[in-house]
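> Structure file data_28.pdb (PDB, C-alpha atoms, pLDDT in the B column) right here:
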```pdb
ATOM      1  CA  MET A1382     -55.021  29.671 -27.121  1.00 81.00           C
ATOM      2  CA  ILE A1383     -53.355  29.139 -30.511  1.00 89.00           C
ATOM      3  CA  ALA A1384     -55.949  28.976 -33.313  1.00 92.00           C
ATOM      4  CA  HIS A1385     -53.575  28.470 -36.231  1.00 95.00           C
ATOM      5  CA  ILE A1386     -49.957  28.899 -37.258  1.00 96.00           C
ATOM      6  CA  LYS A1387     -48.885  30.229 -40.656  1.00 96.00           C
ATOM      7  CA  GLY A1388     -45.254  29.988 -41.663  1.00 96.00           C
ATOM      8  CA  TYR A1389     -42.478  27.905 -43.187  1.00 96.00           C
ATOM      9  CA  VAL A1390     -42.621  24.117 -43.136  1.00 96.00           C
ATOM     10  CA  ASP A1391     -39.245  23.621 -41.495  1.00 96.00           C
ATOM     11  CA  GLU A1392     -39.486  19.894 -40.726  1.00 95.00           C
ATOM     12  CA  LEU A1393     -41.976  17.254 -41.765  1.00 93.00           C
ATOM     13  CA  THR A1394     -42.418  13.580 -40.862  1.00 91.00           C
ATOM     14  CA  PRO A1395     -45.503  11.329 -41.081  1.00 86.00           C
ATOM     15  CA  THR A1396     -46.271  12.092 -37.422  1.00 90.00           C
ATOM     16  CA  SER A1397     -45.002  15.625 -36.818  1.00 93.00           C
ATOM     17  CA  ALA A1398     -44.329  18.978 -38.419  1.00 96.00           C
ATOM     18  CA  VAL A1399     -42.317  21.999 -37.355  1.00 97.00           C
ATOM     19  CA  ILE A1400     -43.810  25.260 -38.617  1.00 97.00           C
ATOM     20  CA  GLU A1401     -41.580  28.307 -38.229  1.00 96.00           C
ATOM     21  CA  ALA A1402     -43.397  31.600 -37.699  1.00 94.00           C
ATOM     22  CA  CYS A1403     -41.700  34.857 -36.696  1.00 92.00           C
ATOM     23  CA  GLY A1404     -38.508  33.020 -35.824  1.00 93.00           C
ATOM     24  CA  VAL A1405     -40.216  30.488 -33.569  1.00 95.00           C
ATOM     25  CA  GLY A1406     -40.513  26.823 -34.531  1.00 95.00           C
ATOM     26  CA  TYR A1407     -43.745  25.156 -33.387  1.00 95.00           C
ATOM     27  CA  GLU A1408     -43.633  21.367 -33.243  1.00 95.00           C
ATOM     28  CA  LEU A1409     -47.036  19.884 -34.042  1.00 96.00           C
ATOM     29  CA  THR A1410     -48.261  16.316 -33.904  1.00 95.00           C
ATOM     30  CA  ILE A1411     -50.080  15.573 -37.160  1.00 93.00           C
ATOM     31  CA  SER A1412     -52.123  12.882 -38.896  1.00 89.00           C
ATOM     32  CA  LEU A1413     -51.213  11.122 -42.136  1.00 85.00           C
ATOM     33  CA  ASN A1414     -53.871  13.188 -43.920  1.00 85.00           C
ATOM     34  CA  THR A1415     -52.161  16.406 -42.842  1.00 91.00           C
ATOM     35  CA  PHE A1416     -48.727  14.970 -43.636  1.00 89.00           C
ATOM     36  CA  THR A1417     -49.857  14.203 -47.188  1.00 84.00           C
ATOM     37  CA  ALA A1418     -51.346  17.679 -47.588  1.00 89.00           C
ATOM     38  CA  LEU A1419     -48.155  19.379 -46.368  1.00 92.00           C
ATOM     39  CA  GLN A1420     -45.744  17.388 -48.528  1.00 87.00           C
ATOM     40  CA  GLY A1421     -43.963  19.588 -51.051  1.00 90.00           C
ATOM     41  CA  LYS A1422     -45.144  22.843 -49.484  1.00 93.00           C
ATOM     42  CA  GLU A1423     -42.652  25.517 -48.397  1.00 95.00           C
ATOM     43  CA  THR A1424     -45.244  27.468 -46.418  1.00 96.00           C
ATOM     44  CA  ALA A1425     -48.550  26.462 -44.897  1.00 96.00           C
ATOM     45  CA  LYS A1426     -51.353  27.483 -42.582  1.00 96.00           C
ATOM     46  CA  VAL A1427     -51.985  24.798 -39.981  1.00 96.00           C
ATOM     47  CA  TYR A1428     -54.946  24.790 -37.601  1.00 96.00           C
ATOM     48  CA  VAL A1429     -54.041  23.970 -34.022  1.00 96.00           C
ATOM     49  CA  CYS A1430     -55.626  22.209 -31.076  1.00 95.00           C
ATOM     50  CA  GLU A1431     -53.851  22.503 -27.734  1.00 91.00           C
ATOM     51  CA  VAL A1432     -54.246  19.506 -25.446  1.00 86.00           C
ATOM     52  CA  LEU A1433     -53.361  20.306 -21.851  1.00 79.00           C
ATOM     53  CA  ARG A1434     -52.851  17.613 -19.252  1.00 73.00           C
ATOM     54  CA  GLU A1435     -51.316  17.634 -15.788  1.00 70.00           C
ATOM     55  CA  ASP A1436     -47.995  16.381 -17.126  1.00 74.00           C
ATOM     56  CA  THR A1437     -47.995  17.449 -20.760  1.00 73.00           C
ATOM     57  CA  HIS A1438     -48.809  20.262 -23.182  1.00 82.00           C
ATOM     58  CA  ASP A1439     -49.255  18.986 -26.743  1.00 89.00           C
ATOM     59  CA  LEU A1440     -49.951  20.868 -29.933  1.00 94.00           C
ATOM     60  CA  PHE A1441     -51.828  18.971 -32.638  1.00 96.00           C
ATOM     61  CA  GLY A1442     -51.851  20.411 -36.149  1.00 96.00           C
ATOM     62  CA  PHE A1443     -54.389  19.985 -38.956  1.00 96.00           C
ATOM     63  CA  PHE A1444     -54.432  21.091 -42.568  1.00 94.00           C
ATOM     64  CA  THR A1445     -58.197  21.722 -42.476  1.00 92.00           C
ATOM     65  CA  ARG A1446     -60.691  23.061 -39.963  1.00 92.00           C
ATOM     66  CA  GLU A1447     -62.900  19.998 -40.439  1.00 92.00           C
ATOM     67  CA  GLU A1448     -60.129  17.636 -39.371  1.00 93.00           C
ATOM     68  CA  ARG A1449     -59.545  19.741 -36.272  1.00 95.00           C
ATOM     69  CA  ALA A1450     -63.278  19.756 -35.495  1.00 94.00           C
ATOM     70  CA  LEU A1451     -63.392  15.965 -35.631  1.00 95.00           C
ATOM     71  CA  PHE A1452     -60.237  15.691 -33.524  1.00 96.00           C
ATOM     72  CA  GLU A1453     -61.819  17.876 -30.846  1.00 95.00           C
ATOM     73  CA  ALA A1454     -64.943  15.727 -30.987  1.00 95.00           C
ATOM     74  CA  LEU A1455     -62.942  12.511 -30.665  1.00 96.00           C
ATOM     75  CA  ILE A1456     -60.954  13.623 -27.620  1.00 94.00           C
ATOM     76  CA  SER A1457     -64.220  14.554 -25.901  1.00 94.00           C
ATOM     77  CA  VAL A1458     -65.047  10.826 -25.816  1.00 95.00           C
ATOM     78  CA  ASN A1459     -64.079   9.177 -22.544  1.00 92.00           C
ATOM     79  CA  GLY A1460     -60.922   7.110 -23.003  1.00 90.00           C
ATOM     80  CA  ILE A1461     -59.899   8.642 -26.356  1.00 93.00           C
ATOM     81  CA  GLY A1462     -56.724  10.678 -26.026  1.00 91.00           C
ATOM     82  CA  GLY A1463     -54.918  12.863 -28.513  1.00 91.00           C
ATOM     83  CA  GLN A1464     -52.682  10.133 -29.918  1.00 90.00           C
ATOM     84  CA  THR A1465     -55.581   7.732 -30.440  1.00 92.00           C
ATOM     85  CA  ALA A1466     -57.615  10.466 -32.126  1.00 94.00           C
ATOM     86  CA  ARG A1467     -54.631  11.176 -34.390  1.00 92.00           C
ATOM     87  CA  MET A1468     -54.473   7.477 -35.336  1.00 89.00           C
ATOM     88  CA  ILE A1469     -58.161   7.500 -36.270  1.00 91.00           C
ATOM     89  CA  LEU A1470     -57.701  10.612 -38.407  1.00 90.00           C
ATOM     90  CA  SER A1471     -54.701   8.977 -40.079  1.00 86.00           C
ATOM     91  CA  ALA A1472     -56.885   6.054 -41.118  1.00 84.00           C
ATOM     92  CA  PHE A1473     -59.816   8.056 -42.523  1.00 85.00           C
ATOM     93  CA  SER A1474     -60.460  11.404 -44.136  1.00 84.00           C
ATOM     94  CA  PRO A1475     -62.847  13.699 -42.221  1.00 88.00           C
ATOM     95  CA  ALA A1476     -65.689  12.893 -44.622  1.00 85.00           C
ATOM     96  CA  GLU A1477     -65.039   9.157 -44.340  1.00 85.00           C
ATOM     97  CA  LEU A1478     -64.950   9.291 -40.547  1.00 90.00           C
ATOM     98  CA  ALA A1479     -68.166  11.310 -40.434  1.00 89.00           C
ATOM     99  CA  ASP A1480     -69.834   8.723 -42.670  1.00 87.00           C
ATOM    100  CA  ILE A1481     -68.538   5.859 -40.498  1.00 89.00           C
ATOM    101  CA  ILE A1482     -69.926   7.449 -37.325  1.00 92.00           C
ATOM    102  CA  GLN A1483     -73.246   8.437 -38.896  1.00 87.00           C
ATOM    103  CA  ASN A1484     -73.779   4.914 -40.254  1.00 86.00           C
ATOM    104  CA  GLU A1485     -72.543   3.230 -37.045  1.00 90.00           C
ATOM    105  CA  GLN A1486     -69.811   1.270 -38.823  1.00 88.00           C
ATOM    106  CA  THR A1487     -68.001   0.126 -35.699  1.00 90.00           C
ATOM    107  CA  ALA A1488     -66.129  -2.554 -37.667  1.00 88.00           C
ATOM    108  CA  MET A1489     -64.333   0.201 -39.582  1.00 86.00           C
ATOM    109  CA  LEU A1490     -63.307   1.925 -36.364  1.00 90.00           C
ATOM    110  CA  LYS A1491     -62.039  -1.356 -34.915  1.00 87.00           C
ATOM    111  CA  SER A1492     -59.619  -1.632 -37.855  1.00 81.00           C
ATOM    112  CA  VAL A1493     -57.631   1.222 -36.284  1.00 84.00           C
ATOM    113  CA  LYS A1494     -54.856   0.162 -33.940  1.00 79.00           C
ATOM    114  CA  GLY A1495     -55.855   0.668 -30.302  1.00 82.00           C
ATOM    115  CA  ILE A1496     -59.606   0.797 -30.944  1.00 90.00           C
ATOM    116  CA  GLY A1497     -61.501  -2.148 -29.499  1.00 91.00           C
ATOM    117  CA  PRO A1498     -65.220  -2.975 -29.667  1.00 92.00           C
ATOM    118  CA  LYS A1499     -66.111  -0.918 -26.581  1.00 94.00           C
ATOM    119  CA  ALA A1500     -64.188   2.149 -27.733  1.00 94.00           C
ATOM    120  CA  ALA A1501     -65.683   1.927 -31.235  1.00 94.00           C
ATOM    121  CA  ALA A1502     -69.210   1.683 -29.822  1.00 95.00           C
ATOM    122  CA  ARG A1503     -68.560   4.590 -27.454  1.00 95.00           C
ATOM    123  CA  ILE A1504     -67.288   6.803 -30.294  1.00 96.00           C
ATOM    124  CA  VAL A1505     -70.419   6.126 -32.352  1.00 95.00           C
ATOM    125  CA  LEU A1506     -72.766   6.603 -29.396  1.00 95.00           C
ATOM    126  CA  ASP A1507     -71.152   9.821 -28.162  1.00 95.00           C
ATOM    127  CA  LEU A1508     -70.473  11.466 -31.521  1.00 95.00           C
ATOM    128  CA  LYS A1509     -73.325  10.539 -33.846  1.00 90.00           C
ATOM    129  CA  ASP A1510     -75.408  13.595 -32.928  1.00 91.00           C
ATOM    130  CA  LYS A1511     -72.376  15.869 -32.719  1.00 89.00           C
ATOM    131  CA  VAL A1512     -71.135  14.811 -36.156  1.00 90.00           C
ATOM    132  CA  GLY A1513     -74.640  15.316 -37.501  1.00 85.00           C
ATOM    133  CA  GLN A1514     -74.518  18.901 -36.241  1.00 86.00           C
ATOM    134  CA  LEU A1515     -71.106  19.446 -37.843  1.00 82.00           C
ATOM    135  CA  LEU A1516     -72.440  18.131 -41.157  1.00 78.00           C
ATOM    136  CA  ALA A1517     -75.594  20.233 -40.941  1.00 74.00           C
ATOM    137  CA  GLY A1518     -73.539  23.315 -40.161  1.00 73.00           C
ATOM    138  CA  GLY A1519     -71.250  22.767 -43.130  1.00 70.00           C
ATOM    139  CA  VAL A1520     -68.197  22.303 -40.888  1.00 73.00           C
ATOM    140  CA  ILE A1521     -67.510  18.934 -42.531  1.00 71.00           C
ATOM    141  CA  ASP A1522     -67.680  18.523 -46.299  1.00 63.00           C
ATOM    142  CA  VAL A1523     -69.912  15.538 -47.079  1.00 53.00           C
ATOM    143  CA  ALA A1524     -68.000  14.792 -50.285  1.00 48.00           C
ATOM    144  CA  PRO A1525     -65.493  12.015 -49.557  1.00 46.00           C
ATOM    145  CA  ALA A1526     -61.845  12.347 -50.474  1.00 44.00           C
ATOM    146  CA  GLN A1527     -60.962  11.237 -53.986  1.00 42.00           C
ATOM    147  CA  GLY A1528     -60.588   7.472 -54.099  1.00 42.00           C
ATOM    148  CA  GLY A1529     -62.057   7.113 -50.620  1.00 47.00           C
ATOM    149  CA  HIS A1530     -65.732   6.381 -51.288  1.00 51.00           C
ATOM    150  CA  ILE A1531     -67.003   2.831 -50.913  1.00 58.00           C
ATOM    151  CA  ALA A1532     -70.440   2.055 -52.307  1.00 58.00           C
ATOM    152  CA  ALA A1533     -72.981   0.736 -49.819  1.00 56.00           C
ATOM    153  CA  ALA A1534     -73.376  -2.551 -51.710  1.00 61.00           C
ATOM    154  CA  ASP A1535     -69.648  -3.313 -51.359  1.00 72.00           C
ATOM    155  CA  ARG A1536     -69.158  -1.938 -47.857  1.00 73.00           C
ATOM    156  CA  GLU A1537     -69.295  -5.261 -45.971  1.00 75.00           C
ATOM    157  CA  GLN A1538     -66.724  -6.912 -48.239  1.00 81.00           C
ATOM    158  CA  ALA A1539     -64.532  -3.822 -48.121  1.00 81.00           C
ATOM    159  CA  GLU A1540     -64.624  -3.685 -44.318  1.00 77.00           C
ATOM    160  CA  GLU A1541     -63.562  -7.330 -44.064  1.00 81.00           C
ATOM    161  CA  ALA A1542     -60.719  -6.809 -46.540  1.00 84.00           C
ATOM    162  CA  ILE A1543     -59.547  -3.643 -44.784  1.00 79.00           C
ATOM    163  CA  GLY A1544     -59.515  -5.447 -41.439  1.00 79.00           C
ATOM    164  CA  ALA A1545     -57.475  -8.335 -42.850  1.00 82.00           C
ATOM    165  CA  LEU A1546     -54.942  -6.084 -44.583  1.00 83.00           C
ATOM    166  CA  THR A1547     -54.548  -3.921 -41.486  1.00 77.00           C
ATOM    167  CA  ILE A1548     -53.811  -7.012 -39.387  1.00 78.00           C
ATOM    168  CA  LEU A1549     -51.101  -7.870 -41.912  1.00 80.00           C
ATOM    169  CA  GLY A1550     -49.391  -4.613 -40.946  1.00 80.00           C
ATOM    170  CA  PHE A1551     -50.283  -2.217 -43.755  1.00 81.00           C
ATOM    171  CA  GLN A1552     -51.102   1.403 -42.928  1.00 76.00           C
ATOM    172  CA  PRO A1553     -54.902   1.863 -42.516  1.00 72.00           C
ATOM    173  CA  ALA A1554     -55.000   5.008 -44.663  1.00 69.00           C
ATOM    174  CA  ALA A1555     -53.187   3.314 -47.558  1.00 77.00           C
ATOM    175  CA  VAL A1556     -55.300   0.177 -47.180  1.00 80.00           C
ATOM    176  CA  ARG A1557     -58.576   2.082 -47.275  1.00 77.00           C
ATOM    177  CA  LYS A1558     -57.613   4.028 -50.404  1.00 79.00           C
ATOM    178  CA  ALA A1559     -56.431   0.874 -52.191  1.00 85.00           C
ATOM    179  CA  VAL A1560     -59.569  -1.077 -51.294  1.00 84.00           C
ATOM    180  CA  ALA A1561     -61.820   1.837 -52.268  1.00 81.00           C
ATOM    181  CA  ASN A1562     -60.207   2.016 -55.706  1.00 84.00           C
ATOM    182  CA  ILE A1563     -60.529  -1.735 -56.180  1.00 88.00           C
ATOM    183  CA  VAL A1564     -64.239  -1.975 -55.318  1.00 86.00           C
ATOM    184  CA  LYS A1565     -64.955   1.131 -57.361  1.00 81.00           C
ATOM    185  CA  GLU A1566     -63.360  -0.424 -60.442  1.00 85.00           C
ATOM    186  CA  GLN A1567     -64.764  -3.915 -59.773  1.00 87.00           C
ATOM    187  CA  PRO A1568     -68.187  -3.710 -58.079  1.00 83.00           C
ATOM    188  CA  GLY A1569     -69.283  -6.958 -56.443  1.00 85.00           C
ATOM    189  CA  ILE A1570     -65.743  -8.281 -56.130  1.00 87.00           C
ATOM    190  CA  ALA A1571     -65.215 -11.005 -53.499  1.00 87.00           C
ATOM    191  CA  VAL A1572     -63.293 -10.327 -50.280  1.00 86.00           C
ATOM    192  CA  GLN A1573     -60.489 -12.746 -51.158  1.00 85.00           C
ATOM    193  CA  GLN A1574     -59.980 -11.093 -54.533  1.00 88.00           C
ATOM    194  CA  ILE A1575     -59.956  -7.628 -52.964  1.00 89.00           C
ATOM    195  CA  ILE A1576     -57.165  -8.740 -50.641  1.00 88.00           C
ATOM    196  CA  LYS A1577     -55.147 -10.395 -53.413  1.00 87.00           C
ATOM    197  CA  THR A1578     -55.463  -7.334 -55.640  1.00 89.00           C
ATOM    198  CA  ALA A1579     -54.588  -4.955 -52.807  1.00 88.00           C
ATOM    199  CA  LEU A1580     -51.469  -6.921 -51.942  1.00 87.00           C
ATOM    200  CA  LYS A1581     -50.162  -6.185 -55.428  1.00 84.00           C
ATOM    201  CA  VAL A1582     -50.404  -2.414 -54.983  1.00 83.00           C
ATOM    202  CA  LEU A1583     -49.638  -1.943 -51.286  1.00 81.00           C
ATOM    203  CA  LYS A1584     -45.996  -1.544 -50.261  1.00 67.00           C
TER     204      LYS A1584
END
```
With the file now loaded, output its structure as structure tokens.

Amino acid sequence: MIAHIKGYVDELTPTSAVIEACGVGYELTISLNTFTALQGKETAKVYVCEVLREDTHDLFGFFTREERALFEALISVNGIGGQTARMILSAFSPAELADIIQNEQTAMLKSVKGIGPKAAARIVLDLKDKVGQLLAGGVIDVAPAQGGHIAAADREQAEEAIGALTILGFQPAAVRKAVANIVKEQPGIAVQQIIKTALKVLK
């Protein structure tokens, strides 16, 4: 089993990275969070999860151990494969996802492409205790990523705005960060105004 790969960042796209180590290039499927973390780096250490199926052998790469831990938890849920787990981790930081699962925010999960009501409910049901253990063990940092925290009082409005903007075709990760910044700067802002403001900054 490959635990991690440390080497040169030979190729990098929003969905994959090739890390060259000892003359061998390892192609890894990555999330948007890992893509952002790897941008501009010549060398990197990437944590790996191997997903073996009857007809495929995929390597998924993560910039942090906590993202890998959540990926492994997600793919343990019936019906959630590696690509779907990667999509979820592209939409939320590890701390954000842990908070969503702990607080049973299925509406947030449903904003991710490919996640319906049943899948969202199953993720929360299957992983709430497991995520709690990861938090208690310090595997996941409870501090949310910069710009990613949404106050409880504004969460309902933010969720509605995120859902609407995602339907319009904007990337979930970019949408969530934009909305988080807006509600942080303007507490109590209405959903319609969140959307209008976000449309000015999203590209």
> Expand the PyMOL selection byres ((chain A and resi 1535) around 12) into the individual residues it matches in the shown file, reporting them as a ChimeraX atom specification.
/A:1530-1534,1536-1542,1560-1572,1575
> May I ask which of the residues A:Ser1492, A:Gln1514, A:Gln1486, A:Thr1394 is the closest one to Leu1546 of chain A, counting only C-alpha atoms?
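Of A:Ser1492, A:Gln1514, A:Gln1486, A:Thr1394, the one nearest Leu1546 of chain A is A:Ser1492, counting only C-alpha atoms.
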> Tell me, as a ChimeraX atom specification, which residues lie within 12 Å of Leu1549 of chain A, counting all atoms listed in the file; anything in the same chain fewer than 5 positions away does not count.
/A:1492,1494,1542-1544,1556,1576,1579-1580,1583-1584
> From the set A:Ile1521, A:Leu1393, A:Ala1500, A:Leu1515, which residue has the shortest atom-to-atom contact distance to Val1458 of chain A, counting all atoms listed in the file?
A:Ala1500
> Could you expand the PyMOL selection byres ((chain A and resi 1475) around 10) into the explicit residues it covers here, written as an NGL selection string?
:A and (1414 or 1445-1452 or 1469-1474 or 1476-1481 or 1521-1526)
> Can you tell me, as a ChimeraX atom specification, what residues are no more than 12 Å from Pro1395 of chain A when counting only C-alpha atoms, ignoring any on the same chain fewer than 6 positions away?
/A:1409-1420,1467-1468,1471,1552,1554
> Would you please work out which residue, of A:Ile1461, A:Ile1482, A:Ile1400, A:Ala1545, is nearest to Leu1508 of chain A when using all atoms listed in the file?
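Looking at the shortest contact to Leu1508 of chain A, the residue is A:Ile1482.
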> In Å, how far is it from atom CA of Ile1386 of chain A to atom CA of Thr1465 of chain A?
22.9 Å
> Write out as a list in words each polymer residue whose atoms come within 12 Å of Tyr1407 of chain A, counting all atoms listed in the file; drop sequence neighbours fewer than 3 positions from it.
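In the requested form, the answer reads Ile1383, His1385, Ile1386, Lys1387, Gly1388, Tyr1389, Val1390, Asp1391, Glu1392, Leu1393, Ser1397, Ala1398, Val1399, Ile1400, Glu1401, Ala1402, Cys1403, Gly1404, Thr1410, Val1427, Tyr1428, Val1429, Glu1431, Asp1439, Leu1440, Phe1441 and Gly1442 of chain A.
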> Would you write out, as a PyMOL selection string, every residue that the PyMOL selection byres ((chain A and resi 1499) around 12) captures in this file?
chain A and resi 1458-1461+1487-1488+1490-1491+1495-1498+1500-1507
> So which one's closest to Arg1434 of chain A, A:Gln1483, A:Leu1516, A:Asp1510, A:Gly1462? Using all atoms listed in the file, please.
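Of the candidates, the smallest distance to Arg1434 of chain A is held by A:Gly1462.
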> Between atom CA of Ala1559 of chain A and atom CA of Lys1422 of chain A, measure the distance and give it in Å to one decimal.
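Between these atoms lies a distance of 24.8 Å.
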